[in-house]
>>> print(open('query.csv').read())   # CSV, C-alpha atoms
chain,number,residue,atom,x,y,z
L,1,MET,CA,-197.5,-34.7,55.1
L,2,ALA,CA,-195.4,-33.0,57.9
L,3,GLN,CA,-191.7,-33.5,57.7
L,4,VAL,CA,-190.6,-36.2,60.2
L,5,PHE,CA,-187.0,-35.1,60.6
L,6,ARG,CA,-185.6,-31.6,60.9
L,7,PRO,CA,-182.8,-30.6,58.5
L,8,GLU,CA,-180.2,-30.8,61.2
L,9,GLN,CA,-181.3,-34.3,62.1
L,10,ILE,CA,-181.1,-35.4,58.5
L,11,PHE,CA,-177.6,-34.0,58.3
L,12,ALA,CA,-176.6,-35.8,61.5
L,13,LEU,CA,-178.0,-39.1,60.2
L,14,LYS,CA,-176.1,-38.7,56.9
L,15,PHE,CA,-172.9,-37.7,58.6
L,16,GLY,CA,-173.2,-40.7,61.0
L,17,ALA,CA,-173.7,-43.1,58.1
L,18,ALA,CA,-170.7,-41.6,56.2
L,19,VAL,CA,-168.5,-42.0,59.3
L,20,ALA,CA,-169.7,-45.6,59.8
L,21,PHE,CA,-168.9,-46.4,56.2
L,22,ILE,CA,-165.4,-44.9,56.4
L,23,LEU,CA,-164.6,-46.8,59.6
L,24,CYS,CA,-165.8,-50.0,58.0
L,25,VAL,CA,-163.6,-49.5,54.9
L,26,ALA,CA,-160.6,-48.5,57.1
L,27,GLY,CA,-161.1,-51.5,59.3
L,28,ILE,CA,-161.1,-53.9,56.2
L,29,LEU,CA,-158.0,-52.2,54.8
L,30,LEU,CA,-156.2,-52.5,58.1
L,31,TRP,CA,-157.2,-56.1,58.4
L,32,ARG,CA,-155.9,-56.8,54.9
L,33,THR,CA,-152.7,-55.0,55.7
L,34,LEU,CA,-152.0,-57.0,58.9
L,35,ILE,CA,-152.9,-60.3,57.2
L,36,ALA,CA,-150.5,-59.4,54.4
L,37,GLU,CA,-147.7,-58.9,56.9
L,38,SER,CA,-148.3,-62.4,58.3
L,39,PRO,CA,-146.0,-65.1,56.9
L,40,PRO,CA,-147.5,-66.8,53.8
L,41,ILE,CA,-149.6,-69.9,54.3
L,42,ASP,CA,-147.5,-73.1,54.1
L,43,SER,CA,-144.2,-71.1,54.2
L,44,PRO,CA,-141.9,-72.2,57.0
L,45,VAL,CA,-140.7,-69.4,59.3
L,46,ALA,CA,-137.1,-69.5,60.2
L,47,GLN,CA,-136.3,-68.9,63.9
L,48,ILE,CA,-133.2,-68.5,66.0
L,49,PRO,CA,-132.7,-71.0,67.4
L,50,PRO,CA,-134.4,-73.2,64.7
L,51,PHE,CA,-137.0,-74.8,67.0
L,52,SER,CA,-138.5,-78.0,65.6
L,53,HIS,CA,-142.0,-78.9,66.8
L,54,LYS,CA,-141.7,-82.2,64.9
L,55,HIS,CA,-138.7,-83.2,67.0
L,56,HIS,CA,-140.1,-82.0,70.4
L,57,VAL,CA,-143.7,-83.3,69.8
L,58,SER,CA,-143.4,-86.4,67.6
L,59,ASP,CA,-139.9,-87.6,68.5
L,60,VAL,CA,-139.6,-86.6,72.2
L,61,GLY,CA,-143.3,-86.8,73.0
L,62,LEU,CA,-143.8,-83.4,74.7
L,63,ASP,CA,-147.4,-82.3,75.2
L,64,CYS,CA,-148.4,-78.8,73.8
L,65,ARG,CA,-149.0,-77.6,77.4
L,66,PHE,CA,-145.4,-78.3,78.4
L,67,CYS,CA,-144.4,-75.1,76.6
L,68,HIS,CA,-147.7,-73.4,76.0
L,69,ALA,CA,-148.6,-73.5,79.7
L,70,THR,CA,-151.6,-71.0,79.7
L,71,VAL,CA,-153.4,-72.3,76.7
L,72,GLU,CA,-156.2,-73.7,79.0
L,73,THR,CA,-156.5,-70.7,81.3
L,74,ALA,CA,-155.8,-67.6,79.3
L,75,ALA,CA,-156.4,-65.8,76.0
L,76,PHE,CA,-152.7,-66.2,75.1
L,77,ALA,CA,-151.3,-69.7,74.9
L,78,GLY,CA,-148.0,-68.6,76.3
L,79,LEU,CA,-144.4,-69.0,75.3
L,80,PRO,CA,-142.0,-70.9,77.5
L,81,PRO,CA,-139.3,-69.1,79.5
L,82,THR,CA,-135.8,-70.2,78.7
L,83,SER,CA,-135.7,-72.0,82.0
L,84,THR,CA,-138.2,-74.4,80.6
L,85,CYS,CA,-135.9,-75.1,77.7
L,86,MET,CA,-133.0,-75.6,80.1
L,87,THR,CA,-135.0,-78.2,82.0
L,88,CYS,CA,-133.7,-80.6,79.3
L,89,HIS,CA,-130.9,-78.7,77.6
L,90,SER,CA,-128.8,-78.1,80.7
L,91,GLN,CA,-127.9,-81.7,80.1
L,92,LEU,CA,-129.0,-82.7,76.6
L,93,PHE,CA,-126.9,-81.3,73.7
L,94,LYS,CA,-125.2,-79.0,76.1
L,95,GLY,CA,-122.6,-76.8,74.4
L,96,GLN,CA,-123.9,-77.4,70.9
L,97,PRO,CA,-123.6,-74.3,68.7
L,98,ILE,CA,-127.3,-74.6,67.6
L,99,LEU,CA,-128.3,-74.0,71.3
L,100,ALA,CA,-125.9,-71.1,71.9
L,101,PRO,CA,-128.8,-68.5,71.8
L,102,VAL,CA,-130.7,-70.6,74.4
L,103,ALA,CA,-127.7,-70.8,76.7
L,104,ALA,CA,-127.1,-67.0,76.3
L,105,SER,CA,-130.7,-66.2,77.0
L,106,PHE,CA,-130.7,-68.2,80.2
L,107,ARG,CA,-127.3,-66.9,81.3
L,108,GLU,CA,-128.2,-63.2,80.7
L,109,ASN,CA,-131.8,-63.6,81.9
L,110,ARG,CA,-132.9,-62.2,78.5
L,111,PRO,CA,-135.9,-63.8,76.7
L,112,LEU,CA,-135.5,-65.3,73.3
L,113,HIS,CA,-137.0,-63.4,70.4
L,114,TRP,CA,-139.4,-65.6,68.4
L,115,ILE,CA,-140.9,-64.4,65.1
L,116,ARG,CA,-144.6,-64.5,65.3
L,117,VAL,CA,-146.3,-67.0,62.9
L,118,HIS,CA,-150.0,-66.6,63.7
L,119,ARG,CA,-151.1,-62.9,63.8
L,120,LEU,CA,-154.5,-61.3,64.4
L,121,PRO,CA,-155.3,-57.6,64.2
L,122,ASP,CA,-155.6,-55.7,67.5
L,123,PHE,CA,-159.3,-55.3,67.0
L,124,VAL,CA,-159.9,-59.0,67.0
L,125,TYR,CA,-160.3,-60.7,70.4
L,126,PHE,CA,-159.3,-64.4,70.5
L,127,HIS,CA,-159.3,-66.5,73.6
L,128,HIS,CA,-157.5,-69.9,73.6
L,129,ASP,CA,-159.1,-71.0,76.8
L,130,ILE,CA,-162.7,-70.7,75.4
L,131,HIS,CA,-161.9,-72.7,72.3
L,132,ILE,CA,-159.9,-75.4,74.2
L,133,SER,CA,-162.6,-75.9,76.8
L,134,LYS,CA,-165.4,-76.1,74.1
L,135,GLY,CA,-163.7,-78.9,72.2
L,136,ILE,CA,-161.7,-77.1,69.4
L,137,GLY,CA,-158.4,-78.9,68.9
L,138,CYS,CA,-155.0,-77.3,68.4
L,139,SER,CA,-154.6,-78.8,64.9
L,140,THR,CA,-157.9,-77.3,63.7
L,141,CYS,CA,-156.3,-73.8,63.6
L,142,HIS,CA,-152.6,-74.6,63.7
L,143,GLY,CA,-152.4,-77.7,61.5
L,144,ARG,CA,-150.2,-80.8,62.1
L,145,VAL,CA,-147.7,-78.9,64.2
L,146,ASP,CA,-146.2,-82.3,65.2
L,147,GLN,CA,-145.0,-82.8,61.7
L,148,MET,CA,-143.4,-79.3,61.2
L,149,PRO,CA,-139.6,-79.1,61.5
L,150,LEU,CA,-140.2,-75.3,61.3
L,151,LEU,CA,-143.6,-73.8,62.1
L,152,TRP,CA,-145.8,-72.4,59.3
L,153,ARG,CA,-149.4,-71.2,58.9
L,154,THR,CA,-151.9,-73.6,57.5
L,155,GLN,CA,-155.0,-71.4,57.7
L,156,SER,CA,-155.7,-67.8,56.7
L,157,LEU,CA,-157.3,-66.8,60.0
L,158,GLU,CA,-159.4,-64.4,58.1
L,159,MET,CA,-163.0,-63.6,59.3
L,160,SER,CA,-164.6,-65.8,56.7
L,161,TRP,CA,-162.6,-68.7,57.9
L,162,CYS,CA,-163.5,-68.2,61.5
L,163,LEU,CA,-167.2,-67.8,60.6
L,164,ASP,CA,-167.2,-71.2,58.8
L,165,CYS,CA,-166.6,-72.8,62.2
L,166,HIS,CA,-168.9,-70.4,64.2
L,167,ARG,CA,-171.8,-71.0,61.8
L,168,ALA,CA,-171.5,-74.8,61.9
L,169,PRO,CA,-169.4,-75.7,65.0
L,170,GLU,CA,-170.7,-79.3,65.0
L,171,LYS,CA,-168.4,-80.0,62.1
L,172,PHE,CA,-165.3,-79.3,64.2
L,173,LEU,CA,-166.1,-80.1,67.9
L,174,ARG,CA,-164.1,-82.9,69.5
L,175,PRO,CA,-164.4,-84.7,72.9
L,176,ARG,CA,-162.3,-82.9,75.5
L,177,ASN,CA,-159.8,-85.8,75.7
L,178,ARG,CA,-159.0,-85.4,72.0
L,179,VAL,CA,-158.3,-81.6,71.9
L,180,PHE,CA,-154.5,-82.0,72.1
L,181,ASP,CA,-154.5,-85.1,69.8
L,182,MET,CA,-152.6,-83.9,66.7
L,183,GLY,CA,-153.7,-87.0,64.7
L,184,TRP,CA,-157.5,-86.6,65.4
L,185,ASN,CA,-159.7,-86.9,62.4
L,186,PRO,CA,-163.5,-86.4,62.4
L,187,PRO,CA,-165.4,-89.7,62.6
L,188,PRO,CA,-167.9,-90.8,60.0
L,189,ASP,CA,-170.8,-89.6,62.3
L,190,GLN,CA,-169.1,-86.3,63.1
L,191,LEU,CA,-172.3,-84.2,62.6
L,192,GLN,CA,-174.3,-86.4,65.0
L,193,GLN,CA,-171.5,-86.4,67.5
L,194,GLY,CA,-170.9,-82.7,67.1
L,195,ARG,CA,-174.5,-81.9,67.9
L,196,LEU,CA,-174.3,-83.9,71.0
L,197,LEU,CA,-171.1,-82.1,72.0
L,198,LEU,CA,-172.9,-78.7,71.4
L,199,ALA,CA,-175.3,-79.6,74.2
L,200,ASP,CA,-172.6,-81.1,76.4
L,201,TYR,CA,-170.5,-78.0,76.2
L,202,GLY,CA,-173.5,-75.7,76.6
L,203,ILE,CA,-172.9,-73.9,73.3
L,204,ASP,CA,-175.7,-71.8,71.8
L,205,PRO,CA,-175.0,-71.7,68.1
L,206,ARG,CA,-177.3,-68.7,67.7
L,207,ARG,CA,-174.9,-66.6,69.7
L,208,LEU,CA,-171.6,-67.6,68.0
L,209,THR,CA,-171.9,-65.0,65.2
L,210,ASP,CA,-172.6,-62.1,67.5
L,211,CYS,CA,-170.1,-59.4,66.6
L,212,SER,CA,-169.2,-58.8,70.3
L,213,ASN,CA,-167.8,-62.3,70.5
L,214,CYS,CA,-164.7,-61.3,68.6
L,215,HIS,CA,-164.8,-57.5,68.4
L,216,ARG,CA,-164.9,-55.7,71.8
>>> encode(input="query.csv", output="structure tokens")
Amino acid sequence: MAQVFRPEQIFALKFGAAVAFILCVAGILLWRTLIAESPPIDSPVAQIPPFSHKHHVSDVGLDCRFCHATVETAAFAGLPPTSTCMTCHSQLFKGQPILAPVAASFRENRPLHWIRVHRLPDFVYFHHDIHISKGIGCSTCHGRVDQMPLLWRTQSLEMSWCLDCHRAPEKFLRPRNRVFDMGWNPPPDQLQQGRLLLADYGIDPRRLTDCSNCHR
């Protein structure tokens, strides 16, 4: 039988396979490194000032979008400028030491420095707008933020965790008017309702595990 590939072609194929393998291993190691640098799950992250989601959401009644203004329109949910904080705190608790960093930030036109709690590697593309518009609630990924005096991670955000949802989205989909409801729980007929929402949102489950959705 005649040889199908020339020696240089065989070398090129082997070399390409080796490079692909090395890149995959390097990517996995990089992912693990970045995840390891994220705050541990269920470990509150101290901030200056010590911002309490519990107070602002549960006690005061602020909606997520009051501070995270671009969560419905952009990949990044957004962080509020200090002027948003001063909407209330120019009058409430004015002059209190705990709010001194906020007052200084506003006075000096210098943004506050928040320690990031939820971190994804640079090679992972995540878009808040898509998930919000397709019925994925805030608490699905971030937990009961409304009960957190200090914010912490409740999920690993690892690829396997994301795929659990992408492979069976009907388990997690909500009606649009319940996306920002922190106390939402799946109803007894969630699977049936979820399948109806799949059609309503125009989601093709066969495409949700395409690599290009998250890696671009």
>>> closest_atom_pairs(input="query.csv", of="region 105-146 of chain L", to="region 46-59 of chain L", cutoff="7 Å", atoms="only C-alpha atoms", output="Markdown table")
| residue | atom | partner | partner_atom | distance |
| --- | --- | --- | --- | --- |
| L:Trp114 | CA | L:Gln47 | CA | 6.4 |
| L:Ile115 | CA | L:Gln47 | CA | 6.5 |
| L:Val145 | CA | L:His53 | CA | 6.3 |
| L:Asp146 | CA | L:Lys54 | CA | 4.5 |
>>> write_last_selection(input="query.csv", atoms="C-alpha atoms", output="PDB file, in the frame of the given file")
ATOM      1  CA  TRP L 114    -139.400 -65.600  68.400  1.00  0.00           C
ATOM      2  CA  ILE L 115    -140.900 -64.400  65.100  1.00  0.00           C
ATOM      3  CA  VAL L 145    -147.700 -78.900  64.200  1.00  0.00           C
ATOM      4  CA  ASP L 146    -146.200 -82.300  65.200  1.00  0.00           C
TER       5      ASP L 146
END
>>> residues_around(input="query.csv", residues="Leu99 (chain L)", least_positions_apart="6", cutoff="12 Å", atoms="only C-alpha atoms", output="list in words")
Ile48, Pro49, Pro50, Phe51, Thr82, Cys85, Met86, Cys88, His89, Ser90, Gln91, Leu92, Phe93, Ser105, Phe106 and Leu112 of chain L
>>> atom_distance(input="query.csv", atom1="CA of Ser139 (chain L)", atom2="CA of Pro101 (chain L)")
28.6 Å
>>> residues_around(input="query.csv", residues="Cys67 (chain L)", least_positions_apart="2", cutoff="7 Å", atoms="only C-alpha atoms", output="mmCIF file with C-alpha atoms, in the frame of the given file")
data_model
loop_
_atom_site.group_PDB
_atom_site.id
_atom_site.type_symbol
_atom_site.label_atom_id
_atom_site.label_comp_id
_atom_site.auth_asym_id
_atom_site.auth_seq_id
_atom_site.Cartn_x
_atom_site.Cartn_y
_atom_site.Cartn_z
ATOM 1 C CA CYS L 64 -148.400 -78.800 73.800
ATOM 2 C CA ARG L 65 -149.000 -77.600 77.400
ATOM 3 C CA ALA L 69 -148.600 -73.500 79.700
ATOM 4 C CA LEU L 79 -144.400 -69.000 75.300
ATOM 5 C CA PRO L 80 -142.000 -70.900 77.500
#
>>> atom_distance(input="query.csv", atom1="CA of Arg178 (chain L)", atom2="CA of Gly143 (chain L)")
14.6 Å
>>> atom_distance(input="query.csv", atom1="CA of Pro187 (chain L)", atom2="CA of Ser133 (chain L)")
20.0 Å
>>> decode(input="query.csv", residues="region 179-213 of chain L", atoms="N, CA and C atoms", output="PDB file, in the first residue's frame")
ATOM      1  N   VAL L 179     -36.115  37.133  38.119  1.00  0.00           N
ATOM      2  CA  VAL L 179     -34.653  37.056  37.988  1.00  0.00           C
ATOM      3  C   VAL L 179     -33.950  37.732  39.163  1.00  0.00           C
ATOM      4  N   PHE L 180     -34.474  38.860  39.627  1.00  0.00           N
ATOM      5  CA  PHE L 180     -33.828  39.606  40.706  1.00  0.00           C
ATOM      6  C   PHE L 180     -34.423  39.283  42.083  1.00  0.00           C
ATOM      7  N   ASP L 181     -35.247  38.247  42.126  1.00  0.00           N
ATOM      8  CA  ASP L 181     -35.869  37.828  43.378  1.00  0.00           C
ATOM      9  C   ASP L 181     -34.893  36.924  44.124  1.00  0.00           C
ATOM     10  N   MET L 182     -34.314  37.441  45.204  1.00  0.00           N
ATOM     11  CA  MET L 182     -33.317  36.683  45.949  1.00  0.00           C
ATOM     12  C   MET L 182     -33.907  35.467  46.666  1.00  0.00           C
ATOM     13  N   GLY L 183     -35.197  35.505  46.954  1.00  0.00           N
ATOM     14  CA  GLY L 183     -35.809  34.410  47.682  1.00  0.00           C
ATOM     15  C   GLY L 183     -36.459  33.364  46.795  1.00  0.00           C
ATOM     16  N   TRP L 184     -36.224  33.444  45.479  1.00  0.00           N
ATOM     17  CA  TRP L 184     -36.863  32.497  44.554  1.00  0.00           C
ATOM     18  C   TRP L 184     -36.378  31.078  44.784  1.00  0.00           C
ATOM     19  N   ASN L 185     -37.321  30.142  44.787  1.00  0.00           N
ATOM     20  CA  ASN L 185     -37.008  28.722  44.841  1.00  0.00           C
ATOM     21  C   ASN L 185     -37.723  28.016  43.698  1.00  0.00           C
ATOM     22  N   PRO L 186     -37.113  26.988  43.112  1.00  0.00           N
ATOM     23  CA  PRO L 186     -37.766  26.272  42.001  1.00  0.00           C
ATOM     24  C   PRO L 186     -39.093  25.678  42.452  1.00  0.00           C
ATOM     25  N   PRO L 187     -40.135  25.828  41.655  1.00  0.00           N
ATOM     26  CA  PRO L 187     -41.427  25.219  42.008  1.00  0.00           C
ATOM     27  C   PRO L 187     -41.370  23.706  41.827  1.00  0.00           C
ATOM     28  N   PRO L 188     -42.351  22.973  42.355  1.00  0.00           N
ATOM     29  CA  PRO L 188     -42.357  21.511  42.215  1.00  0.00           C
ATOM     30  C   PRO L 188     -42.313  21.041  40.759  1.00  0.00           C
ATOM     31  N   ASP L 189     -42.909  21.826  39.853  1.00  0.00           N
ATOM     32  CA  ASP L 189     -42.908  21.445  38.430  1.00  0.00           C
ATOM     33  C   ASP L 189     -41.851  22.216  37.646  1.00  0.00           C
ATOM     34  N   GLN L 190     -40.693  22.463  38.267  1.00  0.00           N
ATOM     35  CA  GLN L 190     -39.650  23.268  37.638  1.00  0.00           C
ATOM     36  C   GLN L 190     -39.234  22.722  36.272  1.00  0.00           C
ATOM     37  N   LEU L 191     -39.074  21.407  36.144  1.00  0.00           N
ATOM     38  CA  LEU L 191     -38.630  20.847  34.868  1.00  0.00           C
ATOM     39  C   LEU L 191     -39.632  21.153  33.754  1.00  0.00           C
ATOM     40  N   GLN L 192     -40.901  21.030  34.055  1.00  0.00           N
ATOM     41  CA  GLN L 192     -41.923  21.338  33.059  1.00  0.00           C
ATOM     42  C   GLN L 192     -41.921  22.826  32.721  1.00  0.00           C
ATOM     43  N   GLN L 193     -41.902  23.666  33.765  1.00  0.00           N
ATOM     44  CA  GLN L 193     -41.873  25.103  33.536  1.00  0.00           C
ATOM     45  C   GLN L 193     -40.595  25.532  32.820  1.00  0.00           C
ATOM     46  N   GLY L 194     -39.474  24.895  33.194  1.00  0.00           N
ATOM     47  CA  GLY L 194     -38.200  25.225  32.560  1.00  0.00           C
ATOM     48  C   GLY L 194     -38.186  24.916  31.078  1.00  0.00           C
ATOM     49  N   ARG L 195     -38.809  23.820  30.686  1.00  0.00           N
ATOM     50  CA  ARG L 195     -38.860  23.470  29.254  1.00  0.00           C
ATOM     51  C   ARG L 195     -39.714  24.475  28.482  1.00  0.00           C
ATOM     52  N   LEU L 196     -40.787  24.960  29.130  1.00  0.00           N
ATOM     53  CA  LEU L 196     -41.595  25.998  28.487  1.00  0.00           C
ATOM     54  C   LEU L 196     -40.805  27.294  28.335  1.00  0.00           C
ATOM     55  N   LEU L 197     -40.010  27.615  29.352  1.00  0.00           N
ATOM     56  CA  LEU L 197     -39.203  28.836  29.291  1.00  0.00           C
ATOM     57  C   LEU L 197     -38.104  28.717  28.247  1.00  0.00           C
ATOM     58  N   LEU L 198     -37.570  27.516  28.043  1.00  0.00           N
ATOM     59  CA  LEU L 198     -36.583  27.314  26.978  1.00  0.00           C
ATOM     60  C   LEU L 198     -37.136  27.784  25.642  1.00  0.00           C
ATOM     61  N   ALA L 199     -38.368  27.389  25.345  1.00  0.00           N
ATOM     62  CA  ALA L 199     -38.997  27.801  24.088  1.00  0.00           C
ATOM     63  C   ALA L 199     -39.299  29.294  24.094  1.00  0.00           C
ATOM     64  N   ASP L 200     -39.777  29.805  25.237  1.00  0.00           N
ATOM     65  CA  ASP L 200     -40.139  31.221  25.332  1.00  0.00           C
ATOM     66  C   ASP L 200     -38.912  32.121  25.129  1.00  0.00           C
ATOM     67  N   TYR L 201     -37.780  31.704  25.688  1.00  0.00           N
ATOM     68  CA  TYR L 201     -36.554  32.497  25.563  1.00  0.00           C
ATOM     69  C   TYR L 201     -35.802  32.232  24.254  1.00  0.00           C
ATOM     70  N   GLY L 202     -36.254  31.259  23.484  1.00  0.00           N
ATOM     71  CA  GLY L 202     -35.580  30.949  22.223  1.00  0.00           C
ATOM     72  C   GLY L 202     -34.218  30.310  22.425  1.00  0.00           C
ATOM     73  N   ILE L 203     -34.085  29.481  23.447  1.00  0.00           N
ATOM     74  CA  ILE L 203     -32.810  28.833  23.754  1.00  0.00           C
ATOM     75  C   ILE L 203     -32.746  27.482  23.055  1.00  0.00           C
ATOM     76  N   ASP L 204     -31.669  27.247  22.338  1.00  0.00           N
ATOM     77  CA  ASP L 204     -31.415  25.949  21.717  1.00  0.00           C
ATOM     78  C   ASP L 204     -30.406  25.204  22.593  1.00  0.00           C
ATOM     79  N   PRO L 205     -30.856  24.237  23.400  1.00  0.00           N
ATOM     80  CA  PRO L 205     -29.935  23.565  24.328  1.00  0.00           C
ATOM     81  C   PRO L 205     -28.767  22.883  23.648  1.00  0.00           C
ATOM     82  N   ARG L 206     -28.945  22.526  22.377  1.00  0.00           N
ATOM     83  CA  ARG L 206     -27.868  21.829  21.660  1.00  0.00           C
ATOM     84  C   ARG L 206     -26.655  22.730  21.448  1.00  0.00           C
ATOM     85  N   ARG L 207     -26.854  24.044  21.511  1.00  0.00           N
ATOM     86  CA  ARG L 207     -25.759  24.987  21.261  1.00  0.00           C
ATOM     87  C   ARG L 207     -25.080  25.478  22.538  1.00  0.00           C
ATOM     88  N   LEU L 208     -25.662  25.166  23.680  1.00  0.00           N
ATOM     89  CA  LEU L 208     -25.163  25.745  24.932  1.00  0.00           C
ATOM     90  C   LEU L 208     -23.803  25.207  25.350  1.00  0.00           C
ATOM     91  N   THR L 209     -23.409  24.055  24.826  1.00  0.00           N
ATOM     92  CA  THR L 209     -22.110  23.489  25.190  1.00  0.00           C
ATOM     93  C   THR L 209     -21.072  23.689  24.100  1.00  0.00           C
ATOM     94  N   ASP L 210     -21.371  24.529  23.100  1.00  0.00           N
ATOM     95  CA  ASP L 210     -20.353  24.879  22.108  1.00  0.00           C
ATOM     96  C   ASP L 210     -19.221  25.626  22.793  1.00  0.00           C
ATOM     97  N   CYS L 211     -17.989  25.247  22.506  1.00  0.00           N
ATOM     98  CA  CYS L 211     -16.822  25.871  23.155  1.00  0.00           C
ATOM     99  C   CYS L 211     -16.807  27.381  22.959  1.00  0.00           C
ATOM    100  N   SER L 212     -17.236  27.824  21.759  1.00  0.00           N
ATOM    101  CA  SER L 212     -17.140  29.254  21.414  1.00  0.00           C
ATOM    102  C   SER L 212     -18.071  30.131  22.242  1.00  0.00           C
ATOM    103  N   ASN L 213     -19.034  29.537  22.954  1.00  0.00           N
ATOM    104  CA  ASN L 213     -19.903  30.350  23.806  1.00  0.00           C
ATOM    105  C   ASN L 213     -19.117  31.048  24.908  1.00  0.00           C
TER     106      ASN L 213
END
